[in-house]
$ cat model_0.txt   # compact mmCIF, C-alpha atoms
# COMPACT_ATOMS: atom_id res chain seq x y z
CA MET A 29 19.54 8.95 9.48
CA LEU A 30 20.68 8.97 13.06
CA ASN A 31 24.28 9.65 12.23
CA ALA A 32 23.20 12.88 10.57
CA PHE A 33 22.51 14.25 14.08
CA PRO A 34 24.87 14.98 16.96
CA ALA A 35 25.31 12.19 19.49
CA SER A 36 22.31 12.00 21.78
CA PRO A 37 20.75 9.66 24.35
CA SER A 38 18.45 8.30 21.65
CA GLN A 39 21.43 7.52 19.46
CA SER A 40 23.01 5.58 22.31
CA MET A 41 19.75 3.68 22.67
CA ALA A 42 19.83 2.83 18.96
CA ASP A 43 23.36 1.51 19.29
CA GLN A 44 22.06 -1.07 21.74
CA HIS A 45 19.65 -2.50 19.17
CA GLU A 46 21.91 -4.80 17.21
CA SER A 47 18.99 -6.25 15.23
CA ILE A 48 17.80 -2.87 13.95
CA ASP A 49 19.09 -1.83 10.55
CA LEU A 50 18.91 1.97 10.34
CA ARG A 51 19.69 2.03 6.65
CA SER A 52 17.38 1.92 3.67
CA PRO A 53 17.60 -1.28 1.58
CA PRO A 54 19.97 -1.25 -1.39
CA VAL A 55 18.67 -0.04 -4.73
CA ASP A 56 20.39 -1.36 -7.85
CA PRO A 57 21.36 1.74 -9.91
CA ALA A 58 21.45 -0.26 -13.13
CA ALA A 59 17.97 -1.63 -12.53
CA ALA A 60 16.65 1.82 -11.66
CA ALA A 61 18.15 3.27 -14.82
CA GLY A 62 16.34 0.65 -16.88
CA HIS A 63 12.96 1.91 -15.63
CA SER A 64 13.36 5.63 -16.07
CA TRP A 65 9.60 6.14 -16.44
CA PHE A 66 9.16 5.57 -12.69
CA PRO A 67 10.81 7.99 -10.24
CA ALA A 68 13.67 6.75 -8.10
CA PRO A 69 13.44 6.66 -4.29
CA PRO A 70 15.21 9.36 -2.27
CA PRO A 71 18.97 8.85 -1.70
CA PRO A 72 20.15 6.69 1.26
CA ILE A 73 21.08 9.77 3.27
CA TYR A 74 17.91 11.80 2.99
CA THR A 75 17.84 14.82 0.72
CA CYS A 76 14.47 16.27 -0.24
CA THR A 77 13.60 15.47 -3.88
CA LEU A 78 10.28 17.34 -3.95
CA THR A 79 9.73 20.14 -6.44
CA PRO A 80 8.85 23.58 -5.01
CA GLU A 81 5.25 22.94 -6.04
CA LEU A 82 5.13 19.67 -4.10
CA VAL A 83 6.84 21.26 -1.10
CA ALA A 84 4.01 23.81 -1.06
CA LYS A 85 1.40 21.06 -1.50
CA ALA A 86 2.89 19.04 1.37
CA ARG A 87 2.82 22.14 3.58
CA GLU A 88 -0.82 22.84 2.79
CA GLU A 89 -2.24 19.30 2.79
CA LEU A 90 0.08 17.40 5.14
CA GLN A 91 1.23 20.13 7.55
CA GLU A 92 4.81 19.40 6.51
CA LYS A 93 7.16 22.27 7.23
CA PRO A 94 10.50 21.88 5.40
CA GLU A 95 12.38 23.72 8.12
CA TRP A 96 11.06 21.28 10.76
CA ARG A 97 11.09 18.10 8.66
CA LEU A 98 14.18 16.44 10.15
CA ARG A 99 13.22 17.59 13.64
CA ASP A 100 9.88 15.82 13.22
CA VAL A 101 11.59 12.66 11.98
CA GLN A 102 13.89 12.71 14.98
CA ALA A 103 10.91 13.12 17.32
CA LEU A 104 9.24 10.04 15.83
CA ARG A 105 12.51 8.12 16.00
CA ASP A 106 12.88 9.00 19.68
CA MET A 107 9.32 7.81 20.37
CA ILE A 108 10.01 4.46 18.70
CA LEU A 109 13.23 3.91 20.65
CA LYS A 110 11.59 4.89 23.94
CA GLU A 111 8.17 3.26 23.62
CA GLN A 112 9.02 0.23 21.44
CA PRO A 113 12.70 -0.54 22.15
CA ASN A 114 12.43 -4.12 20.86
CA LEU A 115 10.82 -3.25 17.53
CA ARG A 116 13.01 -4.28 14.60
CA THR A 117 12.31 -1.52 12.13
CA ARG A 118 14.13 0.84 9.85
CA LEU A 119 14.83 4.17 11.52
CA ASP A 120 16.23 6.15 8.60
CA ASP A 121 14.71 9.50 7.66
CA THR A 122 13.44 8.29 4.30
CA PHE A 123 11.42 5.45 5.82
CA LEU A 124 9.97 7.33 8.79
CA LEU A 125 8.88 10.25 6.60
CA ARG A 126 6.40 7.94 4.86
CA PHE A 127 4.52 7.44 8.10
CA LEU A 128 4.63 11.09 9.13
CA ARG A 129 3.26 12.19 5.76
CA ALA A 130 0.55 9.53 5.78
CA ARG A 131 -0.67 10.87 9.14
CA LYS A 132 -0.10 14.58 8.50
CA PHE A 133 2.87 14.79 10.88
CA ASP A 134 0.89 13.70 13.93
CA TYR A 135 3.58 11.82 15.89
CA ASP A 136 1.21 9.56 17.83
CA ARG A 137 -0.80 8.55 14.77
CA ALA A 138 2.38 8.01 12.75
CA LEU A 139 3.74 5.68 15.45
CA GLN A 140 0.44 3.78 15.55
CA LEU A 141 0.57 3.40 11.77
CA LEU A 142 4.12 2.05 12.00
CA LEU A 143 3.04 -0.50 14.61
CA ASN A 144 0.05 -1.48 12.47
CA TYR A 145 2.38 -1.85 9.49
CA HIS A 146 4.48 -4.40 11.36
CA ALA A 147 1.50 -6.01 13.10
CA GLY A 148 0.02 -6.79 9.69
CA ARG A 149 3.04 -8.93 8.87
CA LYS A 150 2.71 -10.88 12.10
CA ALA A 151 -1.04 -11.38 11.73
CA TRP A 152 -0.87 -12.60 8.14
CA PRO A 153 2.24 -14.77 7.68
CA GLU A 154 0.88 -16.44 4.54
CA VAL A 155 1.11 -13.05 2.82
CA PHE A 156 4.34 -11.70 4.26
CA GLN A 157 6.53 -14.77 4.67
CA ASP A 158 9.27 -14.86 2.00
CA LEU A 159 7.66 -11.86 0.28
CA LYS A 160 9.62 -11.01 -2.87
CA PRO A 161 8.73 -10.40 -6.52
CA SER A 162 9.85 -13.80 -7.82
CA THR A 163 7.23 -15.49 -5.61
CA VAL A 164 4.39 -13.59 -7.34
CA LYS A 165 5.67 -13.81 -10.91
CA HIS A 166 2.71 -16.03 -11.81
CA VAL A 167 0.34 -13.25 -10.66
CA LEU A 168 2.19 -10.65 -12.73
CA ASP A 169 2.32 -12.96 -15.76
CA LEU A 170 -1.44 -13.49 -15.52
CA GLY A 171 -2.02 -9.74 -15.89
CA PHE A 172 -3.79 -9.30 -12.55
CA LEU A 173 -2.24 -5.88 -11.94
CA THR A 174 -0.02 -3.19 -13.35
CA VAL A 175 0.81 0.47 -12.81
CA LEU A 176 0.09 2.81 -15.70
CA PRO A 177 3.25 4.57 -16.91
CA GLN A 178 1.88 8.10 -16.70
CA PRO A 179 0.50 9.72 -13.53
CA ASP A 180 -2.74 11.68 -13.69
CA PRO A 181 -2.74 15.51 -13.79
CA ASN A 182 -2.52 15.53 -9.97
CA GLY A 183 0.72 13.54 -10.08
CA ARG A 184 -0.92 10.34 -8.81
CA TYR A 185 0.18 7.00 -10.24
CA ILE A 186 -2.67 4.67 -11.22
CA LEU A 187 -2.71 1.10 -9.94
CA CYS A 188 -4.73 -0.95 -12.42
CA LEU A 189 -6.31 -4.15 -11.04
CA ARG A 190 -8.04 -6.78 -13.20
CA PRO A 191 -9.56 -9.33 -10.79
CA GLY A 192 -11.38 -11.11 -13.60
CA LYS A 193 -8.04 -12.45 -14.84
CA TRP A 194 -7.78 -14.63 -11.72
CA LYS A 195 -9.66 -17.89 -11.22
CA PRO A 196 -9.73 -19.69 -7.84
CA ASN A 197 -8.22 -22.80 -9.42
CA ASP A 198 -5.19 -20.82 -10.62
CA TYR A 199 -3.60 -20.17 -7.21
CA PRO A 200 -4.64 -18.97 -3.71
CA PHE A 201 -6.21 -15.51 -3.48
CA VAL A 202 -3.53 -14.40 -1.01
CA ASP A 203 -1.01 -14.46 -3.87
CA ASN A 204 -2.93 -11.53 -5.36
CA VAL A 205 -2.64 -9.72 -2.03
CA ARG A 206 1.11 -10.39 -2.02
CA ALA A 207 1.47 -8.86 -5.49
CA ILE A 208 -0.60 -5.81 -4.50
CA TYR A 209 1.46 -5.29 -1.35
CA LEU A 210 4.78 -5.46 -3.20
CA THR A 211 3.41 -2.97 -5.72
CA LEU A 212 2.38 -0.57 -2.95
CA GLU A 213 5.82 -0.88 -1.35
CA LYS A 214 7.43 0.15 -4.62
CA LEU A 215 4.91 2.90 -5.30
CA ILE A 216 5.44 4.55 -1.92
CA GLN A 217 9.22 4.92 -2.32
CA PRO A 218 9.22 8.18 -4.33
CA GLU A 219 8.41 11.26 -2.31
CA GLU A 220 6.02 12.37 -5.04
CA THR A 221 3.72 9.46 -4.22
CA GLN A 222 3.94 10.13 -0.49
CA VAL A 223 2.58 13.62 -1.12
CA ASN A 224 0.23 13.03 -4.07
CA GLY A 225 -1.15 9.61 -3.17
CA ILE A 226 -2.34 7.05 -5.72
CA VAL A 227 -5.49 6.19 -7.66
CA ILE A 228 -6.86 2.68 -8.11
CA LEU A 229 -8.57 1.59 -11.32
CA ALA A 230 -10.29 -1.79 -10.95
CA ASP A 231 -11.65 -3.46 -14.10
CA TYR A 232 -14.19 -6.13 -13.14
CA THR A 233 -14.54 -7.59 -16.61
CA GLY A 234 -14.90 -11.38 -16.31
CA VAL A 235 -15.60 -11.42 -12.56
CA GLY A 236 -18.16 -14.09 -11.73
CA MET A 237 -19.51 -15.97 -8.77
CA SER A 238 -16.34 -17.99 -8.17
CA GLN A 239 -14.14 -14.90 -7.77
CA ALA A 240 -16.72 -12.86 -5.88
CA SER A 241 -17.38 -15.39 -3.14
CA ASN A 242 -13.81 -16.64 -2.70
CA PRO A 243 -12.19 -14.10 -0.32
CA GLY A 244 -14.98 -13.97 2.26
CA PRO A 245 -15.52 -11.19 4.84
CA PHE A 246 -12.62 -12.12 7.13
CA LEU A 247 -10.08 -11.96 4.31
CA ALA A 248 -11.70 -8.80 2.96
CA LYS A 249 -11.49 -7.23 6.41
CA LYS A 250 -7.76 -7.93 6.65
CA VAL A 251 -7.07 -6.49 3.19
CA VAL A 252 -9.07 -3.33 3.91
CA SER A 253 -7.47 -2.97 7.35
CA ILE A 254 -3.99 -3.07 5.87
CA LEU A 255 -4.82 -0.53 3.16
CA GLN A 256 -6.64 1.87 5.52
CA ASP A 257 -4.71 1.57 8.75
CA GLY A 258 -1.58 -0.48 8.11
CA PHE A 259 0.22 1.05 5.17
CA PRO A 260 1.64 4.58 4.70
CA ILE A 261 -0.02 5.45 1.41
CA ARG A 262 -2.84 7.84 0.53
CA ILE A 263 -5.48 6.22 -1.69
CA LYS A 264 -7.24 9.21 -3.21
CA ALA A 265 -9.78 7.46 -5.44
CA VAL A 266 -11.00 3.97 -6.37
CA ASN A 267 -12.56 3.80 -9.83
CA ILE A 268 -14.56 0.65 -10.60
CA ILE A 269 -15.40 -0.12 -14.23
CA ASN A 270 -17.24 -2.91 -16.03
CA GLU A 271 -18.65 -4.16 -12.75
CA PRO A 272 -21.30 -6.87 -13.17
CA ARG A 273 -24.57 -7.00 -11.25
CA ILE A 274 -22.84 -9.27 -8.77
CA PHE A 275 -20.62 -6.36 -7.68
CA LYS A 276 -23.37 -5.16 -5.33
CA GLY A 277 -22.75 -8.32 -3.35
CA ILE A 278 -18.97 -7.87 -3.50
CA PHE A 279 -19.21 -4.30 -2.26
CA ALA A 280 -21.58 -5.44 0.49
CA ILE A 281 -18.70 -7.58 1.81
CA ILE A 282 -16.19 -4.73 1.66
CA LYS A 283 -18.21 -1.68 2.69
CA PRO A 284 -18.73 -2.50 6.40
CA PHE A 285 -14.96 -2.36 6.87
CA LEU A 286 -14.45 0.92 5.01
CA LYS A 287 -14.19 4.21 6.82
CA GLU A 288 -16.73 6.75 5.63
CA LYS A 289 -14.08 8.90 3.96
CA MET A 290 -12.70 5.93 2.03
CA ALA A 291 -16.15 4.65 1.03
CA GLU A 292 -16.90 8.07 -0.48
CA ARG A 293 -13.85 7.70 -2.74
CA TYR A 294 -15.31 4.68 -4.54
CA VAL A 295 -16.76 5.62 -7.94
CA LEU A 296 -18.71 3.02 -9.94
CA HIS A 297 -18.70 3.71 -13.68
CA GLY A 298 -20.22 0.53 -15.12
CA SER A 299 -19.36 0.42 -18.83
CA ASP A 300 -19.59 4.21 -19.19
CA LEU A 301 -16.10 5.25 -20.30
CA ARG A 302 -17.15 8.90 -20.46
CA SER A 303 -17.83 8.72 -16.74
CA LEU A 304 -14.37 7.20 -16.21
CA HIS A 305 -12.76 9.96 -18.29
CA ARG A 306 -14.29 12.61 -16.06
CA ASN A 307 -12.20 11.14 -13.24
CA ILE A 308 -9.12 9.94 -15.13
CA PRO A 309 -8.27 11.81 -18.36
CA ARG A 310 -7.93 9.87 -21.61
CA SER A 311 -4.36 11.14 -22.01
CA VAL A 312 -3.07 8.77 -19.30
CA LEU A 313 -5.36 5.82 -20.01
CA PRO A 314 -4.59 2.96 -22.42
CA GLN A 315 -6.69 2.26 -25.51
CA GLU A 316 -8.52 -0.54 -23.69
CA TYR A 317 -10.20 2.10 -21.53
CA GLY A 318 -10.82 4.65 -24.26
CA GLY A 319 -7.52 6.41 -23.69
CA THR A 320 -4.81 7.74 -25.98
CA ALA A 321 -1.73 6.40 -24.16
CA GLY A 322 -1.25 3.32 -26.33
CA GLN A 323 -2.08 -0.26 -25.48
CA LEU A 324 -2.13 -1.55 -21.92
CA ASP A 325 1.41 -2.71 -21.11
CA MET A 326 1.48 -5.37 -18.41
CA GLY A 327 5.18 -6.07 -18.80
CA ALA A 328 6.82 -2.80 -17.73
CA TRP A 329 5.68 -2.90 -14.11
CA SER A 330 6.30 -6.63 -13.85
CA SER A 331 9.87 -6.13 -15.08
CA LEU A 332 10.43 -3.24 -12.66
CA LEU A 333 9.32 -5.31 -9.66
CA LEU A 334 11.30 -8.39 -10.65
CA ASP A 335 14.44 -6.28 -11.01
CA CYS A 336 14.01 -5.22 -7.36
CA GLU A 337 14.33 -8.74 -5.95
CA GLU A 338 17.35 -8.02 -3.73
CA GLU A 339 15.75 -4.88 -2.36
CA PHE A 340 12.68 -6.81 -1.21
CA ILE A 341 14.72 -9.69 0.21
CA VAL A 342 16.43 -7.19 2.52
CA GLU A 343 13.11 -5.58 3.41
CA PHE A 344 10.90 -8.63 4.01
CA CYS A 345 12.90 -11.86 4.25
CA GLN A 346 14.18 -11.12 7.75
CA PRO A 347 13.29 -12.22 11.32
CA ASP A 348 9.93 -11.24 12.79
CA PRO A 349 10.13 -7.48 13.51
CA LEU A 350 7.68 -7.84 16.42
CA GLU A 351 9.49 -10.61 18.28
CA GLY A 352 9.62 -9.51 21.91
CA VAL A 353 7.28 -6.55 21.32
CA VAL A 354 4.21 -6.28 23.54
CA LEU A 355 1.28 -4.78 21.63
CA PRO A 356 -1.85 -3.33 23.25
CA ASP A 357 -5.14 -5.22 23.02
CA SER A 358 -6.50 -2.48 20.78
CA MET A 359 -4.10 -3.29 17.95
CA LEU A 360 -5.50 -3.47 14.45
CA PHE A 361 -5.14 -7.22 13.91
CA GLU A 362 -6.74 -9.06 16.79
CA GLY A 363 -6.75 -12.72 15.81
CA GLU A 364 -6.42 -15.29 13.11
CA GLN A 365 -9.85 -16.92 13.17
CA ALA A 366 -13.07 -15.45 11.88
CA SER A 367 -15.77 -15.12 14.47
CA GLY A 368 -19.10 -16.90 14.25
CA GLN A 369 -20.65 -13.54 13.45
CA ASP A 370 -18.35 -13.22 10.43
CA ASP A 371 -19.41 -16.69 9.29
CA ASP A 372 -23.09 -15.77 9.61
CA THR A 373 -22.46 -12.54 7.71
CA PHE A 374 -20.69 -14.43 4.95
CA ARG A 375 -23.57 -16.90 4.56
CA GLY A 376 -25.99 -14.02 4.19
CA LEU A 377 -23.78 -12.21 1.69
CA ARG A 378 -23.26 -15.40 -0.31
CA SER A 379 -27.01 -15.62 -0.69
CA GLN A 380 -27.03 -12.03 -1.93
CA LEU A 381 -24.30 -12.85 -4.44
CA TYR A 382 -26.27 -15.75 -5.87
CA TYR A 383 -29.34 -13.57 -6.10
CA CYS A 384 -27.46 -10.82 -7.94
CA TYR A 385 -25.79 -13.32 -10.25

$ encode --input "model_0.txt" --output "structure tokens"
Amino acid sequence: MLNAFPASPSQSMADQHESIDLRSPPVDPAAAAGHSWFPAPPPPIYTCTLTPELVAKAREELQEKPEWRLRDVQALRDMILKEQPNLRTRLDDTFLLRFLRARKFDYDRALQLLLNYHAGRKAWPEVFQDLKPSTVKHVLDLGFLTVLPQPDPNGRYILCLRPGKWKPNDYPFVDNVRAIYLTLEKLIQPEETQVNGIVILADYTGVGMSQASNPGPFLAKKVVSILQDGFPIRIKAVNIINEPRIFKGIFAIIKPFLKEKMAERYVLHGSDLRSLHRNIPRSVLPQEYGGTAGQLDMGAWSSLLLDCEEEFIVEFCQPDPLEGVVLPDSMLFEGEQASGQDDDTFRGLRSQLYYCY
């Protein structure tokens, strides 16, 4: 945090920003204690919680040098205050480290990621307005997503998505996006996740034409843009299982927006659980996926998120962080309406979906 450093010109600049809260949002100790299976976030005044092994991993993979860590955070903080003085954002060490780690301590790329992170909220108000766990309880109750209680051998938590549980008549698709985003926000808090990244396991059992054609390319583009360029998390693998023939059409919608490196991390297993187990060991998978870690528990993660209501109210239910900020034309989110080209693309892909189905 800024007050951990001697007084400086940048600190005086921060004092002038009355709307900027430099602190991390409150974490309820009692709630955290009730979910001991998931690691707690770093303390309000940053102290490294990484094991020696993870410190070494961060040095090798992320170019993070422990002896320079706080200097790097201060450099990013100074850039924000100088280049984006009107940006309402957290400036504490814990928060800014997420962006530095996600961009391997490249200051310019970390700042761009931070701007994209806030630009996503402005570009998609139906997702980010009043974003808190209680508003997506119906998504959690449906069993659309959960986080498996045990990380894989590489220390990566596994986000399990079950899109077949959702039907278009249940509620708008953006509610699923809201639940995913809140889950990512919680997942990225522990330093372990910032270094190790996460794995996605998507079970397409029950996905049919109605689910496949609902989002459309414009919505798909916004989701992919946020995950790739607008959120400080490292998605190390996406495992797809039980995908129907129609998935070729679904992936045709998504793939044009994926960077090559991300597209290579998609692994399609079909119904072959042995193939899945070569990527995610049985020891961390539930019985439903041929694992030995008991039955799939949808309630633990739901309970954890719902117990963090106050934390998310502080984080998201605040004034627009970009009010008064001038963003360059090259920003990630460029408009709210799909172009005619997107519409034409969607019509062609819809035809493909019907053909596959």

$ residues_around --input "model_0.txt" --residues "stretch 92-98 of chain A" --least-positions-apart "3" --cutoff "10 Å" --atoms "all atoms listed in the file" --output "PyMOL selection string"
chain A and resi 29+32-33+74+76+83-89+101-104+121+125+128-129+132-133+223

$ residues_around --input "model_0.txt" --residues "stretch 137-153 of chain A" --least-positions-apart "5" --cutoff "6 Å" --atoms "all atoms listed in the file" --output "NGL selection string"
:A and (127-128 or 131 or 258-259)

$ closest_residue --input "model_0.txt" --among "A:Glu219, A:Asp134, A:Glu154, A:Pro196" --to "A:Pro70" --atoms "only C-alpha atoms"
A:Glu219

$ closest_residue --input "model_0.txt" --among "A:Gln157, A:Leu115, A:Gln91, A:Trp194" --to "A:Asp169" --atoms "all atoms listed in the file"
A:Trp194

$ atom_distance --input "model_0.txt" --atom1 "atom CA of A:Pro161" --atom2 "atom CA of A:Glu220"
23.0 Å

$ closest_residue --input "model_0.txt" --among "A:Gln178, A:Asn267, A:Ser299, A:Thr221" --to "A:Leu324" --atoms "all atoms listed in the file"
A:Gln178

$ axis_aligned_box --input "model_0.txt" --around "stretch 187-192 of chain A" --padding-each-side "4 Å" --output "lines of an AutoDock Vina configuration file"
center_x = -7.0
center_y = -5.0
center_z = -11.8
size_x = 16.7
size_y = 20.2
size_z = 11.7
